[in-house]
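Q: Take a look at the following structure, please.
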Amino acid sequence: MLLLWAVRMVRTGVERAWGLALRRILRRARRGSAGIALAGMALAVVLQSSTAVGVLAVGFAASGILGVTAGIAAMLGADLGSALVVKLLSFDLSELIPVLLLAGASMFLKFENRQIRQVGRILLGIAFILLSLGMVAQATEPLRESAVLPQIVSYLRGDPLTAFVLAALLAWGLHSSVAALLLFASFAASGLLPAQAAAPMVLGANLGGALIAAWLTRGAGLPERRIPIGNLIFRGVGAVAALILLQVAPQPLQYLGDNGGVQLVNFHVLFNAALLILALPLAGAMDRLTARLLPTPDSDGAGPGYRSSLDHASLSRPTLALASVQRELLRMAEAVEAMLRPVADVLESGDGKRIAQLRAMDDEVNQRHTDIKLFIARMNRGSLTEEEAKRGLELTAMAIDFEAIGDLIARNLLAQADEKAQRQLRFSEEGWKELARLHARVVANFQLALHVMVSSDLSTARQLVSEKSVLRRMERESHDRHLARLRGGQAESIETSDLHLEVVRSLKEINSLLVKVAYPILTENGDLLESRLAEDHPSNKLMI
């Protein structure tokens, strides 16, 4: 469990520190199978996870930035990158553990800078990986003298199919093929598991690693879900073919290293390198095959069928009616968030088809807004308590705000993406980083607002309100840096100045509307006095 947790620590630290940069690498490398495979491999090495690259690829495919062929190529490269991570971590780096622990803990605990703290998290994660591998080796040392172990090894050697399936299930259950393979290598290095018996387990772990991405993206739409499925087919066929080859041909594992652990790791790297070389030219054919297996349903691009949560039979029972309004409002908010999330991608790519699809989603938002207002108006004709009438007004106000956010996205942000594409403009490197950071912050705040809607948690509501001042500061800093670029005569900044300022203004306005979700909770608790937080409250530093 420490090994599993440590692998996750490293991945989340990298994602938090350099998530935007990594996503941009994948976006820029989308032309050409070799380039995208190389980018996928690099990302997997940094993230220590081919699954993370697969989930990224599916997200980009959903935004129209990445095609299925390119996504499959990225995952093939990521599989090799993940194998190189196993190779790196298999070296004896135990002497580095104290240094990594000291440096990592100091950076995480003593610094306020987010980037430095995440680097500390990464160093701690690597230290914990090395520490856990040493603990596994020590804990299993008595098993070498066990009378049962030879019987187990003999069984696995005589039944490679069972070993293959068990390893696949273990990798899938751990949700980390890296952790599973490090365990196998550790057992083999300590003499618990001969390399010949463990080779089918390495192949099984490869299949299990491909299953993880397919499982995690099972709720994604088509055609993007075909990316992990295509990779699963490639790795499944490759693993089964290699398993058969191991049984019919002599096993040359002794040439891959001087002990069982090294032999297994090198075999794993060799398998993934061979699979990349053989499968990469067939990525287009796999795209066509998965299109036949999982055809994209005919759609007008407006998304799934409209379903309302409003229960008109409950109008005579205000408590139930208000609950159905809240469910409908949550559906409306999720539709708006689905419009906002790909905005950064379409601003960069200028994909006209995707822009049209996102605009069409605003029709659903407007319909839900109208339905909620009419439903509450009908409910108000009955006899309501003061508290029920007040709650109805609060929900109406939220519906109006979410409808306004939808309009800001459809009429402002998507319009800027359209104009940028038509005029073939390009944001400056620094300007785009600022916009991407602002967009990511607003998307994160949208999630926070949804949590507040569902939980009505006071501390989360205060956190959401504090984000208004954070966005105000980020907007001011972006504005100052943008003016500095204009004074410096930077051509890209001059050409995109109006677009840049309009996008920043729209994102700030969206964030201000999101913050209003927290106002009813803070008002009820006495934290909010019309235009600012109560003076005498401990959290009065969170100014509206």
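Residue numbering restarts at 1 in every chain; chains get A, B, ... in the order shown in the structure tokens, and ligands count up from 1 in that same order.
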Which residues are near A:Ala449? Cut-off 7 Å, only C-alpha atoms, ignore same chain within fewer than 3 positions. Put them as an NGL selection string.
A: :A and (445-446 or 452-453 or 464 or 514 or 517)
Q: Determine, counting only C-alpha atoms, which protein, DNA and RNA residues have an atom within 8 Å of an atom of A:Ile405; residues of the same chain fewer than 3 positions away are not included. Present the result as a tab-separated table (two decimals) with N, CA and C atoms, in the first residue's frame.
A:
chain	number	residue	atom	x	y	z
A	336	VAL	N	-23.59	23.66	-17.96
A	336	VAL	CA	-22.78	24.86	-18.14
A	336	VAL	C	-21.30	24.53	-17.96
A	401	ASP	N	-28.16	33.12	-12.76
A	401	ASP	CA	-26.71	33.27	-12.84
A	401	ASP	C	-26.08	32.21	-13.74
A	402	PHE	N	-26.53	30.96	-13.64
A	402	PHE	CA	-25.97	29.92	-14.50
A	402	PHE	C	-26.34	30.16	-15.97
A	408	LEU	N	-22.28	33.98	-21.42
A	408	LEU	CA	-20.91	34.50	-21.49
A	408	LEU	C	-20.02	33.54	-22.28
A	409	ILE	N	-20.23	32.24	-22.08
A	409	ILE	CA	-19.42	31.26	-22.81
A	409	ILE	C	-19.79	31.27	-24.29
A	510	ILE	N	-17.48	35.28	-15.04
A	510	ILE	CA	-18.02	33.95	-14.75
A	510	ILE	C	-17.70	33.56	-13.31
A	513	LEU	N	-19.98	35.27	-10.84
A	513	LEU	CA	-21.31	34.66	-10.79
A	513	LEU	C	-21.29	33.35	-10.01
Q: Which residues come within 8 Å of stretch 412-428 of chain A, counting only C-alpha atoms, excluding same-chain residues fewer than 5 positions away, as a ChimeraX atom specification?
A: /A:343,346-352,355,359,407,492-493,495-496,499-500,502-503,506
Q: Restricting the output to all heavy atoms, write the selected residues as a short mmCIF file (atom, residue, chain, number, x, y, z; two decimals), in the first residue's frame.
A:
data_model
loop_
_atom_site.label_atom_id
_atom_site.label_comp_id
_atom_site.auth_asym_id
_atom_site.auth_seq_id
_atom_site.Cartn_x
_atom_site.Cartn_y
_atom_site.Cartn_z
N VAL A 343 -13.19 25.21 -23.15
CA VAL A 343 -12.99 26.54 -23.74
C VAL A 343 -11.52 26.80 -24.05
O VAL A 343 -11.19 27.32 -25.13
CB VAL A 343 -13.56 27.64 -22.82
CG1 VAL A 343 -12.98 29.00 -23.14
CG2 VAL A 343 -15.08 27.69 -22.95
N VAL A 346 -10.52 24.96 -27.28
CA VAL A 346 -11.02 25.51 -28.55
C VAL A 346 -10.43 26.89 -28.80
O VAL A 346 -10.30 27.30 -29.96
CB VAL A 346 -12.57 25.56 -28.58
CG1 VAL A 346 -13.14 24.17 -28.51
CG2 VAL A 346 -13.14 26.42 -27.48
N LEU A 347 -10.07 27.63 -27.75
CA LEU A 347 -9.38 28.90 -27.96
C LEU A 347 -8.05 28.68 -28.66
O LEU A 347 -7.64 29.47 -29.51
CB LEU A 347 -9.15 29.61 -26.63
CG LEU A 347 -10.26 30.52 -26.11
CD1 LEU A 347 -9.97 30.96 -24.68
CD2 LEU A 347 -10.45 31.75 -27.00
N GLU A 348 -7.38 27.59 -28.31
CA GLU A 348 -6.08 27.32 -28.93
C GLU A 348 -6.24 26.66 -30.30
O GLU A 348 -5.55 27.01 -31.25
CB GLU A 348 -5.23 26.43 -28.04
CG GLU A 348 -3.82 26.25 -28.57
CD GLU A 348 -2.91 25.50 -27.61
OE1 GLU A 348 -3.41 24.63 -26.90
OE2 GLU A 348 -1.72 25.81 -27.60
N SER A 349 -7.17 25.68 -30.40
CA SER A 349 -7.27 24.92 -31.66
C SER A 349 -8.13 25.61 -32.72
O SER A 349 -7.91 25.43 -33.91
CB SER A 349 -7.86 23.54 -31.37
OG SER A 349 -9.22 23.64 -30.96
N GLY A 350 -9.14 26.39 -32.28
CA GLY A 350 -10.04 27.03 -33.24
C GLY A 350 -10.91 26.04 -33.98
O GLY A 350 -11.36 26.34 -35.10
N ASP A 351 -11.18 24.88 -33.40
CA ASP A 351 -11.98 23.84 -34.05
C ASP A 351 -13.42 24.33 -34.22
O ASP A 351 -14.19 24.41 -33.26
CB ASP A 351 -11.94 22.58 -33.19
CG ASP A 351 -12.63 21.39 -33.85
OD1 ASP A 351 -13.48 21.60 -34.74
OD2 ASP A 351 -12.32 20.25 -33.48
N GLY A 352 -13.81 24.66 -35.46
CA GLY A 352 -15.13 25.21 -35.73
C GLY A 352 -16.26 24.26 -35.38
O GLY A 352 -17.31 24.69 -34.87
N ILE A 355 -16.68 24.23 -31.62
CA ILE A 355 -17.27 25.49 -31.17
C ILE A 355 -18.79 25.47 -31.41
O ILE A 355 -19.58 25.87 -30.55
CB ILE A 355 -16.63 26.68 -31.91
CG1 ILE A 355 -15.18 26.86 -31.44
CG2 ILE A 355 -17.41 27.97 -31.67
CD1 ILE A 355 -14.39 27.87 -32.24
N ARG A 359 -21.78 25.71 -28.59
CA ARG A 359 -22.84 26.72 -28.68
C ARG A 359 -24.22 26.08 -28.61
O ARG A 359 -25.15 26.62 -27.99
CB ARG A 359 -22.70 27.49 -30.00
CG ARG A 359 -21.73 28.65 -29.94
CD ARG A 359 -22.11 29.72 -30.97
NE ARG A 359 -21.15 30.80 -30.93
CZ ARG A 359 -20.16 30.95 -31.82
NH1 ARG A 359 -20.01 30.07 -32.79
NH2 ARG A 359 -19.34 31.97 -31.72
N ASP A 407 -24.44 32.17 -21.36
CA ASP A 407 -24.40 33.22 -22.38
C ASP A 407 -23.00 33.80 -22.54
O ASP A 407 -22.55 34.10 -23.66
CB ASP A 407 -25.38 34.34 -22.03
CG ASP A 407 -26.83 33.92 -22.24
OD1 ASP A 407 -27.06 32.90 -22.93
OD2 ASP A 407 -27.73 34.60 -21.71
N GLU A 492 2.62 39.44 -31.37
CA GLU A 492 1.49 38.54 -31.09
C GLU A 492 0.56 39.15 -30.05
O GLU A 492 -0.67 39.03 -30.15
CB GLU A 492 2.01 37.19 -30.60
CG GLU A 492 2.70 36.36 -31.68
CD GLU A 492 3.29 35.07 -31.14
OE1 GLU A 492 3.66 35.07 -29.94
OE2 GLU A 492 3.39 34.09 -31.89
N SER A 493 1.12 39.83 -29.06
CA SER A 493 0.29 40.47 -28.03
C SER A 493 -0.50 41.63 -28.60
O SER A 493 -1.65 41.86 -28.23
CB SER A 493 1.17 40.95 -26.87
OG SER A 493 1.75 39.85 -26.19
N GLU A 495 -1.53 41.96 -31.74
CA GLU A 495 -2.58 41.44 -32.62
C GLU A 495 -3.76 40.86 -31.84
O GLU A 495 -4.92 40.95 -32.28
CB GLU A 495 -2.00 40.35 -33.54
CG GLU A 495 -1.03 40.89 -34.58
CD GLU A 495 -0.37 39.77 -35.37
OE1 GLU A 495 -0.47 38.61 -34.91
OE2 GLU A 495 0.24 40.04 -36.41
N THR A 496 -3.47 40.26 -30.69
CA THR A 496 -4.52 39.57 -29.93
C THR A 496 -4.94 40.33 -28.68
O THR A 496 -5.62 39.78 -27.82
CB THR A 496 -4.04 38.16 -29.51
OG1 THR A 496 -2.87 38.30 -28.68
CG2 THR A 496 -3.72 37.30 -30.71
N LEU A 499 -8.71 40.38 -27.94
CA LEU A 499 -9.16 39.03 -27.61
C LEU A 499 -8.72 38.65 -26.20
O LEU A 499 -9.50 38.11 -25.41
CB LEU A 499 -8.61 38.02 -28.61
CG LEU A 499 -9.08 38.12 -30.07
CD1 LEU A 499 -8.36 37.09 -30.92
CD2 LEU A 499 -10.57 37.91 -30.16
N HIS A 500 -7.47 38.92 -25.90
CA HIS A 500 -6.91 38.57 -24.59
C HIS A 500 -7.70 39.25 -23.47
O HIS A 500 -8.13 38.58 -22.51
CB HIS A 500 -5.44 38.99 -24.54
CG HIS A 500 -4.75 38.65 -23.26
ND1 HIS A 500 -3.91 37.58 -23.11
CD2 HIS A 500 -4.78 39.26 -22.04
CE1 HIS A 500 -3.46 37.53 -21.87
NE2 HIS A 500 -3.97 38.54 -21.20
N GLU A 502 -10.70 40.51 -23.52
CA GLU A 502 -12.09 40.08 -23.46
C GLU A 502 -12.22 38.71 -22.80
O GLU A 502 -13.15 38.46 -22.02
CB GLU A 502 -12.68 40.04 -24.87
CG GLU A 502 -14.15 39.67 -24.93
CD GLU A 502 -15.05 40.65 -24.19
OE1 GLU A 502 -14.68 41.84 -24.10
OE2 GLU A 502 -16.10 40.22 -23.68
N VAL A 503 -11.29 37.81 -23.09
CA VAL A 503 -11.31 36.49 -22.47
C VAL A 503 -11.10 36.62 -20.96
O VAL A 503 -11.80 35.99 -20.16
CB VAL A 503 -10.23 35.56 -23.09
CG1 VAL A 503 -10.08 34.28 -22.28
CG2 VAL A 503 -10.59 35.22 -24.53
N SER A 506 -14.24 38.04 -19.35
CA SER A 506 -15.34 37.06 -19.30
C SER A 506 -15.10 36.01 -18.22
O SER A 506 -16.02 35.63 -17.49
CB SER A 506 -15.49 36.38 -20.66
OG SER A 506 -15.84 37.31 -21.66
#
